[in-house]
$ cat data25.cif   # mmCIF, C-alpha atoms
data_protein
#
loop_
_atom_site.group_PDB
_atom_site.id
_atom_site.type_symbol
_atom_site.label_atom_id
_atom_site.label_comp_id
_atom_site.auth_asym_id
_atom_site.auth_seq_id
_atom_site.Cartn_x
_atom_site.Cartn_y
_atom_site.Cartn_z
ATOM 1 C CA MET T 154 -45.636 12.806 -16.577
ATOM 2 C CA SER T 155 -47.609 10.706 -14.180
ATOM 3 C CA ASP T 156 -46.124 9.807 -10.817
ATOM 4 C CA SER T 157 -47.571 6.271 -11.012
ATOM 5 C CA LYS T 158 -45.145 3.565 -10.041
ATOM 6 C CA THR T 159 -45.021 -0.164 -10.509
ATOM 7 C CA SER T 160 -43.450 -2.589 -8.040
ATOM 8 C CA ILE T 161 -41.205 -5.050 -9.811
ATOM 9 C CA ARG T 162 -39.139 -8.059 -8.812
ATOM 10 C CA PHE T 163 -36.548 -9.491 -11.181
ATOM 11 C CA GLU T 164 -33.197 -11.247 -11.263
ATOM 12 C CA LEU T 165 -30.289 -8.949 -12.031
ATOM 13 C CA ASN T 166 -26.889 -10.555 -12.550
ATOM 14 C CA GLY T 167 -27.917 -13.484 -10.369
ATOM 15 C CA GLN T 168 -29.429 -11.409 -7.537
ATOM 16 C CA VAL T 169 -33.109 -10.780 -6.857
ATOM 17 C CA VAL T 170 -33.991 -7.089 -7.029
ATOM 18 C CA HIS T 171 -37.160 -5.374 -5.806
ATOM 19 C CA ALA T 172 -37.876 -1.873 -7.067
ATOM 20 C CA ASP T 173 -40.658 0.639 -7.386
ATOM 21 C CA VAL T 174 -40.243 2.288 -10.755
ATOM 22 C CA PRO T 175 -42.156 5.092 -12.426
ATOM 23 C CA ASN T 176 -44.247 3.640 -15.247
ATOM 24 C CA TYR T 177 -42.366 5.732 -17.815
ATOM 25 C CA ARG T 178 -38.867 4.762 -16.550
ATOM 26 C CA LEU T 179 -36.634 3.192 -19.186
ATOM 27 C CA LEU T 180 -34.562 0.149 -18.294
ATOM 28 C CA ALA T 181 -31.311 1.894 -19.282
ATOM 29 C CA ASP T 182 -32.081 4.759 -16.902
ATOM 30 C CA MET T 183 -33.030 2.434 -14.050
ATOM 31 C CA LEU T 184 -29.793 0.477 -14.483
ATOM 32 C CA ARG T 185 -27.534 3.507 -14.689
ATOM 33 C CA GLU T 186 -29.205 6.029 -12.423
ATOM 34 C CA ASP T 187 -31.121 3.962 -9.876
ATOM 35 C CA LEU T 188 -28.896 0.879 -9.593
ATOM 36 C CA GLY T 189 -25.503 2.443 -10.400
ATOM 37 C CA LEU T 190 -24.676 -0.058 -13.156
ATOM 38 C CA THR T 191 -22.950 2.325 -15.529
ATOM 39 C CA GLY T 192 -21.468 -0.374 -17.761
ATOM 40 C CA THR T 193 -24.662 -0.099 -19.774
ATOM 41 C CA LYS T 194 -24.030 2.879 -22.042
ATOM 42 C CA VAL T 195 -26.631 5.098 -23.684
ATOM 43 C CA GLY T 196 -25.573 6.345 -27.087
ATOM 44 C CA CYS T 197 -28.446 7.284 -29.335
ATOM 45 C CA GLY T 198 -31.401 6.682 -27.018
ATOM 46 C CA VAL T 199 -33.530 5.407 -29.915
ATOM 47 C CA GLY T 200 -32.370 1.800 -30.338
ATOM 48 C CA GLU T 201 -30.032 2.357 -33.270
ATOM 49 C CA CYS T 202 -26.526 2.050 -31.789
ATOM 50 C CA GLY T 203 -26.668 -0.953 -29.427
ATOM 51 C CA ALA T 204 -24.487 0.665 -26.750
ATOM 52 C CA CYS T 205 -27.235 -0.029 -24.202
ATOM 53 C CA THR T 206 -27.556 -3.733 -25.035
ATOM 54 C CA VAL T 207 -28.314 -6.011 -22.092
ATOM 55 C CA LEU T 208 -29.557 -9.591 -21.968
ATOM 56 C CA LEU T 209 -33.187 -10.067 -21.025
ATOM 57 C CA ASP T 210 -33.908 -13.743 -20.501
ATOM 58 C CA ASP T 211 -30.643 -14.385 -22.377
ATOM 59 C CA GLU T 212 -31.676 -12.371 -25.457
ATOM 60 C CA PRO T 213 -30.029 -9.064 -26.406
ATOM 61 C CA VAL T 214 -32.290 -6.019 -26.114
ATOM 62 C CA ASN T 215 -31.741 -2.285 -26.407
ATOM 63 C CA SER T 216 -32.408 -1.150 -22.850
ATOM 64 C CA CYS T 217 -33.133 2.393 -24.072
ATOM 65 C CA LEU T 218 -36.322 1.014 -25.665
ATOM 66 C CA VAL T 219 -37.508 -1.208 -22.797
ATOM 67 C CA LEU T 220 -39.668 0.037 -19.956
ATOM 68 C CA ALA T 221 -38.184 -0.931 -16.604
ATOM 69 C CA ALA T 222 -41.545 -2.277 -15.413
ATOM 70 C CA SER T 223 -41.488 -4.868 -18.222
ATOM 71 C CA VAL T 224 -38.604 -6.771 -16.603
ATOM 72 C CA ASN T 225 -40.865 -7.876 -13.758
ATOM 73 C CA GLY T 226 -40.396 -11.619 -13.204
ATOM 74 C CA ARG T 227 -37.590 -11.851 -15.747
ATOM 75 C CA ARG T 228 -33.822 -12.403 -15.772
ATOM 76 C CA LEU T 229 -31.532 -9.539 -16.691
ATOM 77 C CA THR T 230 -27.782 -9.621 -17.322
ATOM 78 C CA THR T 231 -25.590 -6.547 -17.693
ATOM 79 C CA ILE T 232 -21.872 -6.387 -18.426
ATOM 80 C CA GLU T 233 -21.277 -6.205 -14.669
ATOM 81 C CA GLY T 234 -22.820 -9.665 -14.337
ATOM 82 C CA LEU T 235 -20.345 -11.481 -16.573
ATOM 83 C CA ALA T 236 -17.243 -11.560 -14.411
ATOM 84 C CA ASP T 237 -16.496 -12.163 -10.759
ATOM 85 C CA GLU T 238 -12.839 -12.541 -9.862
ATOM 86 C CA GLU T 239 -11.630 -13.108 -13.428
ATOM 87 C CA LEU T 240 -12.673 -11.730 -16.780
ATOM 88 C CA HIS T 241 -15.314 -13.638 -18.704
ATOM 89 C CA PRO T 242 -13.758 -15.434 -21.712
ATOM 90 C CA LEU T 243 -15.386 -12.916 -24.075
ATOM 91 C CA GLN T 244 -13.979 -9.982 -22.113
ATOM 92 C CA ARG T 245 -10.535 -11.582 -22.135
ATOM 93 C CA ALA T 246 -10.797 -12.268 -25.889
ATOM 94 C CA PHE T 247 -11.706 -8.623 -26.567
ATOM 95 C CA VAL T 248 -8.638 -7.479 -24.646
ATOM 96 C CA GLU T 249 -6.313 -10.033 -26.275
ATOM 97 C CA ALA T 250 -7.561 -9.262 -29.795
ATOM 98 C CA GLY T 251 -7.292 -5.492 -29.299
ATOM 99 C CA ALA T 252 -11.044 -5.141 -29.888
ATOM 100 C CA VAL T 253 -11.386 -2.428 -27.253
ATOM 101 C CA GLN T 254 -10.538 1.119 -28.225
ATOM 102 C CA CYS T 255 -12.734 3.839 -26.749
ATOM 103 C CA GLY T 256 -14.762 1.096 -25.057
ATOM 104 C CA TYR T 257 -18.149 2.755 -25.405
ATOM 105 C CA CYS T 258 -19.653 0.003 -27.560
ATOM 106 C CA THR T 259 -17.810 -2.834 -25.823
ATOM 107 C CA PRO T 260 -20.375 -3.823 -23.164
ATOM 108 C CA GLY T 261 -23.157 -4.073 -25.739
ATOM 109 C CA MET T 262 -20.916 -5.906 -28.210
ATOM 110 C CA ILE T 263 -19.867 -8.431 -25.586
ATOM 111 C CA LEU T 264 -23.439 -9.089 -24.469
ATOM 112 C CA SER T 265 -24.629 -9.538 -28.069
ATOM 113 C CA ALA T 266 -21.713 -11.934 -28.617
ATOM 114 C CA LYS T 267 -22.545 -13.827 -25.422
ATOM 115 C CA ALA T 268 -26.125 -14.366 -26.586
ATOM 116 C CA LEU T 269 -24.786 -15.711 -29.893
ATOM 117 C CA LEU T 270 -22.218 -18.043 -28.313
ATOM 118 C CA ASP T 271 -24.738 -19.332 -25.786
ATOM 119 C CA ARG T 272 -26.999 -20.543 -28.583
ATOM 120 C CA ASN T 273 -24.263 -21.319 -31.141
ATOM 121 C CA PRO T 274 -20.841 -22.071 -29.604
ATOM 122 C CA CYS T 275 -19.067 -22.303 -32.989
ATOM 123 C CA PRO T 276 -20.543 -19.592 -35.226
ATOM 124 C CA THR T 277 -19.251 -18.702 -38.654
ATOM 125 C CA ARG T 278 -17.747 -15.291 -39.328
ATOM 126 C CA GLU T 279 -20.979 -14.329 -41.090
ATOM 127 C CA GLU T 280 -23.098 -15.409 -38.107
ATOM 128 C CA ILE T 281 -20.902 -13.304 -35.820
ATOM 129 C CA ALA T 282 -21.244 -10.280 -38.093
ATOM 130 C CA VAL T 283 -25.022 -10.647 -38.128
ATOM 131 C CA ALA T 284 -25.153 -11.077 -34.334
ATOM 132 C CA VAL T 285 -23.337 -7.784 -33.702
ATOM 133 C CA SER T 286 -24.908 -5.891 -36.602
ATOM 134 C CA GLY T 287 -27.116 -3.973 -34.175
ATOM 135 C CA ASN T 288 -24.071 -2.717 -32.264
ATOM 136 C CA LEU T 289 -22.295 0.222 -33.827
ATOM 137 C CA CYS T 290 -18.587 0.857 -33.325
ATOM 138 C CA ARG T 291 -16.885 4.007 -34.527
ATOM 139 C CA CYS T 292 -13.317 2.988 -33.610
ATOM 140 C CA THR T 293 -12.380 -0.551 -34.600
ATOM 141 C CA GLY T 294 -13.898 -1.247 -37.997
ATOM 142 C CA TYR T 295 -15.274 -4.530 -36.582
ATOM 143 C CA THR T 296 -12.377 -6.718 -37.744
ATOM 144 C CA LYS T 297 -10.858 -7.056 -34.278
ATOM 145 C CA ILE T 298 -14.310 -7.425 -32.707
ATOM 146 C CA ILE T 299 -15.134 -10.355 -34.982
ATOM 147 C CA GLU T 300 -11.683 -11.845 -34.322
ATOM 148 C CA ALA T 301 -12.276 -11.542 -30.567
ATOM 149 C CA ILE T 302 -15.589 -13.359 -30.808
ATOM 150 C CA GLU T 303 -13.995 -16.066 -32.965
ATOM 151 C CA ARG T 304 -11.259 -16.393 -30.340
ATOM 152 C CA ALA T 305 -13.822 -16.754 -27.551
ATOM 153 C CA ALA T 306 -15.716 -19.346 -29.592
ATOM 154 C CA GLN T 307 -12.697 -21.629 -29.869
ATOM 155 C CA PRO T 308 -12.563 -24.323 -27.212
ATOM 156 C CA PRO T 309 -9.570 -23.974 -24.853
ATOM 157 C CA GLY T 310 -6.452 -25.561 -26.319
ATOM 158 C CA SER T 311 -7.894 -25.727 -29.820
ATOM 159 C CA GLY T 312 -5.270 -23.363 -31.238
ATOM 160 C CA ASP T 313 -6.052 -21.897 -34.619
ATOM 161 C CA GLY T 314 -8.341 -24.674 -35.795
ATOM 162 C CA GLU T 315 -5.627 -26.762 -37.466
ATOM 163 C CA VAL T 316 -5.959 -30.511 -37.146
ATOM 164 C CA THR T 317 -2.809 -32.491 -36.538
ATOM 165 C CA ALA T 318 -2.515 -36.113 -37.586
ATOM 166 C CA GLY T 319 -1.220 -38.462 -34.896
#
$ encode --input "data25.cif" --output "structure tokens"
Amino acid sequence: MSDSKTSIRFELNGQVVHADVPNYRLLADMLREDLGLTGTKVGCGVGECGACTVLLDDEPVNSCLVLAASVNGRRLTTIEGLADEELHPLQRAFVEAGAVQCGYCTPGMILSAKALLDRNPCPTREEIAVAVSGNLCRCTGYTKIIEAIERAAQPPGSGDGEVTAG
């Protein structure tokens, strides 16, 4: 392979990053190996499993299919960028709903769910299922994952959606 490199500048989890990356370097590899952000998992390496899902300009992408150089001038969010001191509401909902088993698919699931909730704060069950359809899970059967996303979609204090007459 060629040793040609491209200088890139992009926003990663709210911080500006400068890097010189080989032209053939995949985004997933840059994140994990060069930047130490191992929350992004690589399962299949061919864009079928969704374990490597990150948000590129707020849209979910399979980072195993994206060249690192293509993020130049763009905004990238990984699972590490969701929480500071406290868990992000989606992360908390996954824990509370028991939607985390082996955890391998979880970062990609959460980022796909975040993209959905950012554009549609109150999705239907069907919309949730479609949004995570590119993320494979071998442990949970998706029921608890969908419940977690529904839980995160509910406004605080809304309970189970019941309306009470005054």
$ resolve_selection --input "data25.cif" --expression "the PyMOL selection byres ((chain T and resi 201) around 12)" --output "short mmCIF file (atom, residue, chain, number, x, y, z; two decimals) with C-alpha atoms, keeping the file's coordinate frame"
data_model
loop_
_atom_site.label_atom_id
_atom_site.label_comp_id
_atom_site.auth_asym_id
_atom_site.auth_seq_id
_atom_site.Cartn_x
_atom_site.Cartn_y
_atom_site.Cartn_z
CA VAL T 195 -26.63 5.10 -23.68
CA GLY T 196 -25.57 6.34 -27.09
CA CYS T 197 -28.45 7.28 -29.34
CA GLY T 198 -31.40 6.68 -27.02
CA VAL T 199 -33.53 5.41 -29.92
CA GLY T 200 -32.37 1.80 -30.34
CA CYS T 202 -26.53 2.05 -31.79
CA GLY T 203 -26.67 -0.95 -29.43
CA ALA T 204 -24.49 0.66 -26.75
CA CYS T 205 -27.24 -0.03 -24.20
CA THR T 206 -27.56 -3.73 -25.04
CA VAL T 214 -32.29 -6.02 -26.11
CA ASN T 215 -31.74 -2.28 -26.41
CA SER T 216 -32.41 -1.15 -22.85
CA CYS T 217 -33.13 2.39 -24.07
CA LEU T 218 -36.32 1.01 -25.66
CA SER T 286 -24.91 -5.89 -36.60
CA GLY T 287 -27.12 -3.97 -34.17
CA ASN T 288 -24.07 -2.72 -32.26
CA LEU T 289 -22.30 0.22 -33.83
CA CYS T 290 -18.59 0.86 -33.33
#
$ resolve_selection --input "data25.cif" --expression "the PyMOL selection byres ((chain T and resi 231) around 8)" --output "list of chain:residue names"
T:Leu165, T:Asn166, T:Leu190, T:Gly192, T:Thr193, T:Val207, T:Leu208, T:Leu229, T:Thr230, T:Ile232, T:Glu233, T:Gly234, T:Leu235, T:Leu264
$ atom_distance --input "data25.cif" --atom1 "atom CA of Gly189 of chain T" --atom2 "atom CA of Phe247 of chain T"
24.0 Å
$ residues_around --input "data25.cif" --residues "Arg178 of chain T" --least-positions-apart "4" --cutoff "10 Å" --atoms "only C-alpha atoms" --output "VMD selection string"
chain T and resid 158 to 159 174 182 to 183 217 219 to 222
$ closest_residue --input "data25.cif" --among "T:Gln254, T:Ser157, T:Thr191, T:Asn273" --to "Ile298 of chain T" --atoms "only C-alpha atoms"
T:Gln254
$ axis_aligned_box --input "data25.cif" --around "segment 208-213 of chain T" --padding-each-side "3 Å" --output "lines of an AutoDock Vina configuration file"
center_x = -31.7
center_y = -11.7
center_z = -23.5
size_x = 10.4
size_y = 11.3
size_z = 11.9
$ atom_distance --input "data25.cif" --atom1 "atom CA of Arg272 of chain T" --atom2 "atom CA of Val170 of chain T"
26.4 Å
$ build_atoms --input "data25.cif" --residues "segment 177-211 of chain T" --atoms "N, CA and C atoms" --output "PDB file, in the frame of the given file"
ATOM      1  N   TYR T 177     -43.031   5.245 -16.606  1.00  0.00           N
ATOM      2  CA  TYR T 177     -42.366   5.732 -17.815  1.00  0.00           C
ATOM      3  C   TYR T 177     -40.850   5.480 -17.800  1.00  0.00           C
ATOM      4  N   ARG T 178     -40.307   4.926 -16.719  1.00  0.00           N
ATOM      5  CA  ARG T 178     -38.867   4.762 -16.550  1.00  0.00           C
ATOM      6  C   ARG T 178     -38.323   3.736 -17.537  1.00  0.00           C
ATOM      7  N   LEU T 179     -37.283   4.121 -18.256  1.00  0.00           N
ATOM      8  CA  LEU T 179     -36.634   3.192 -19.186  1.00  0.00           C
ATOM      9  C   LEU T 179     -35.644   2.309 -18.435  1.00  0.00           C
ATOM     10  N   LEU T 180     -35.475   1.102 -18.918  1.00  0.00           N
ATOM     11  CA  LEU T 180     -34.562   0.149 -18.294  1.00  0.00           C
ATOM     12  C   LEU T 180     -33.150   0.714 -18.221  1.00  0.00           C
ATOM     13  N   ALA T 181     -32.674   1.329 -19.284  1.00  0.00           N
ATOM     14  CA  ALA T 181     -31.311   1.894 -19.282  1.00  0.00           C
ATOM     15  C   ALA T 181     -31.153   2.905 -18.157  1.00  0.00           C
ATOM     16  N   ASP T 182     -32.157   3.745 -17.954  1.00  0.00           N
ATOM     17  CA  ASP T 182     -32.081   4.759 -16.902  1.00  0.00           C
ATOM     18  C   ASP T 182     -32.128   4.130 -15.518  1.00  0.00           C
ATOM     19  N   MET T 183     -32.971   3.120 -15.342  1.00  0.00           N
ATOM     20  CA  MET T 183     -33.030   2.434 -14.050  1.00  0.00           C
ATOM     21  C   MET T 183     -31.673   1.801 -13.729  1.00  0.00           C
ATOM     22  N   LEU T 184     -31.084   1.131 -14.718  1.00  0.00           N
ATOM     23  CA  LEU T 184     -29.793   0.477 -14.483  1.00  0.00           C
ATOM     24  C   LEU T 184     -28.722   1.488 -14.110  1.00  0.00           C
ATOM     25  N   ARG T 185     -28.611   2.535 -14.892  1.00  0.00           N
ATOM     26  CA  ARG T 185     -27.534   3.507 -14.689  1.00  0.00           C
ATOM     27  C   ARG T 185     -27.772   4.418 -13.490  1.00  0.00           C
ATOM     28  N   GLU T 186     -28.954   4.987 -13.423  1.00  0.00           N
ATOM     29  CA  GLU T 186     -29.205   6.029 -12.423  1.00  0.00           C
ATOM     30  C   GLU T 186     -29.691   5.483 -11.081  1.00  0.00           C
ATOM     31  N   ASP T 187     -30.556   4.473 -11.120  1.00  0.00           N
ATOM     32  CA  ASP T 187     -31.121   3.962  -9.876  1.00  0.00           C
ATOM     33  C   ASP T 187     -30.255   2.864  -9.258  1.00  0.00           C
ATOM     34  N   LEU T 188     -29.659   2.029 -10.096  1.00  0.00           N
ATOM     35  CA  LEU T 188     -28.896   0.879  -9.593  1.00  0.00           C
ATOM     36  C   LEU T 188     -27.386   1.061  -9.700  1.00  0.00           C
ATOM     37  N   GLY T 189     -26.931   2.140 -10.321  1.00  0.00           N
ATOM     38  CA  GLY T 189     -25.503   2.443 -10.400  1.00  0.00           C
ATOM     39  C   GLY T 189     -24.701   1.529 -11.307  1.00  0.00           C
ATOM     40  N   LEU T 190     -25.365   0.847 -12.232  1.00  0.00           N
ATOM     41  CA  LEU T 190     -24.676  -0.058 -13.156  1.00  0.00           C
ATOM     42  C   LEU T 190     -24.373   0.705 -14.446  1.00  0.00           C
ATOM     43  N   THR T 191     -23.277   1.423 -14.425  1.00  0.00           N
ATOM     44  CA  THR T 191     -22.950   2.325 -15.529  1.00  0.00           C
ATOM     45  C   THR T 191     -22.226   1.652 -16.688  1.00  0.00           C
ATOM     46  N   GLY T 192     -22.042   0.342 -16.624  1.00  0.00           N
ATOM     47  CA  GLY T 192     -21.468  -0.374 -17.761  1.00  0.00           C
ATOM     48  C   GLY T 192     -22.396  -0.345 -18.963  1.00  0.00           C
ATOM     49  N   THR T 193     -23.689  -0.245 -18.698  1.00  0.00           N
ATOM     50  CA  THR T 193     -24.662  -0.099 -19.774  1.00  0.00           C
ATOM     51  C   THR T 193     -24.592   1.345 -20.252  1.00  0.00           C
ATOM     52  N   LYS T 194     -24.196   1.533 -21.486  1.00  0.00           N
ATOM     53  CA  LYS T 194     -24.030   2.879 -22.042  1.00  0.00           C
ATOM     54  C   LYS T 194     -25.289   3.292 -22.795  1.00  0.00           C
ATOM     55  N   VAL T 195     -25.530   4.581 -22.867  1.00  0.00           N
ATOM     56  CA  VAL T 195     -26.631   5.098 -23.684  1.00  0.00           C
ATOM     57  C   VAL T 195     -25.998   5.988 -24.736  1.00  0.00           C
ATOM     58  N   GLY T 196     -26.139   5.575 -25.986  1.00  0.00           N
ATOM     59  CA  GLY T 196     -25.573   6.345 -27.087  1.00  0.00           C
ATOM     60  C   GLY T 196     -26.641   7.188 -27.746  1.00  0.00           C
ATOM     61  N   CYS T 197     -27.461   6.547 -28.547  1.00  0.00           N
ATOM     62  CA  CYS T 197     -28.446   7.284 -29.335  1.00  0.00           C
ATOM     63  C   CYS T 197     -29.769   7.497 -28.604  1.00  0.00           C
ATOM     64  N   GLY T 198     -30.133   6.585 -27.731  1.00  0.00           N
ATOM     65  CA  GLY T 198     -31.401   6.682 -27.018  1.00  0.00           C
ATOM     66  C   GLY T 198     -32.616   6.295 -27.836  1.00  0.00           C
ATOM     67  N   VAL T 199     -32.407   5.791 -29.057  1.00  0.00           N
ATOM     68  CA  VAL T 199     -33.530   5.407 -29.915  1.00  0.00           C
ATOM     69  C   VAL T 199     -33.362   3.994 -30.502  1.00  0.00           C
ATOM     70  N   GLY T 200     -32.504   3.186 -29.913  1.00  0.00           N
ATOM     71  CA  GLY T 200     -32.370   1.800 -30.338  1.00  0.00           C
ATOM     72  C   GLY T 200     -31.581   1.556 -31.600  1.00  0.00           C
ATOM     73  N   GLU T 201     -30.783   2.514 -32.029  1.00  0.00           N
ATOM     74  CA  GLU T 201     -30.032   2.357 -33.270  1.00  0.00           C
ATOM     75  C   GLU T 201     -28.578   1.937 -33.077  1.00  0.00           C
ATOM     76  N   CYS T 202     -27.974   2.249 -31.919  1.00  0.00           N
ATOM     77  CA  CYS T 202     -26.526   2.050 -31.789  1.00  0.00           C
ATOM     78  C   CYS T 202     -26.122   0.789 -31.024  1.00  0.00           C
ATOM     79  N   GLY T 203     -26.986   0.269 -30.161  1.00  0.00           N
ATOM     80  CA  GLY T 203     -26.668  -0.953 -29.427  1.00  0.00           C
ATOM     81  C   GLY T 203     -25.777  -0.771 -28.219  1.00  0.00           C
ATOM     82  N   ALA T 204     -25.362   0.447 -27.909  1.00  0.00           N
ATOM     83  CA  ALA T 204     -24.487   0.665 -26.750  1.00  0.00           C
ATOM     84  C   ALA T 204     -25.166   0.251 -25.451  1.00  0.00           C
ATOM     85  N   CYS T 205     -26.489   0.284 -25.423  1.00  0.00           N
ATOM     86  CA  CYS T 205     -27.235  -0.029 -24.202  1.00  0.00           C
ATOM     87  C   CYS T 205     -27.680  -1.486 -24.135  1.00  0.00           C
ATOM     88  N   THR T 206     -27.131  -2.337 -24.979  1.00  0.00           N
ATOM     89  CA  THR T 206     -27.556  -3.733 -25.035  1.00  0.00           C
ATOM     90  C   THR T 206     -27.323  -4.447 -23.712  1.00  0.00           C
ATOM     91  N   VAL T 207     -28.368  -5.126 -23.255  1.00  0.00           N
ATOM     92  CA  VAL T 207     -28.314  -6.011 -22.092  1.00  0.00           C
ATOM     93  C   VAL T 207     -28.997  -7.313 -22.506  1.00  0.00           C
ATOM     94  N   LEU T 208     -28.878  -8.324 -21.678  1.00  0.00           N
ATOM     95  CA  LEU T 208     -29.557  -9.591 -21.968  1.00  0.00           C
ATOM     96  C   LEU T 208     -30.790  -9.701 -21.090  1.00  0.00           C
ATOM     97  N   LEU T 209     -31.927  -9.873 -21.718  1.00  0.00           N
ATOM     98  CA  LEU T 209     -33.187 -10.067 -21.025  1.00  0.00           C
ATOM     99  C   LEU T 209     -33.645 -11.482 -21.340  1.00  0.00           C
ATOM    100  N   ASP T 210     -33.649 -12.313 -20.306  1.00  0.00           N
ATOM    101  CA  ASP T 210     -33.908 -13.743 -20.501  1.00  0.00           C
ATOM    102  C   ASP T 210     -32.990 -14.306 -21.581  1.00  0.00           C
ATOM    103  N   ASP T 211     -31.724 -13.915 -21.512  1.00  0.00           N
ATOM    104  CA  ASP T 211     -30.643 -14.385 -22.377  1.00  0.00           C
ATOM    105  C   ASP T 211     -30.702 -13.875 -23.821  1.00  0.00           C
TER     106      ASP T 211
END
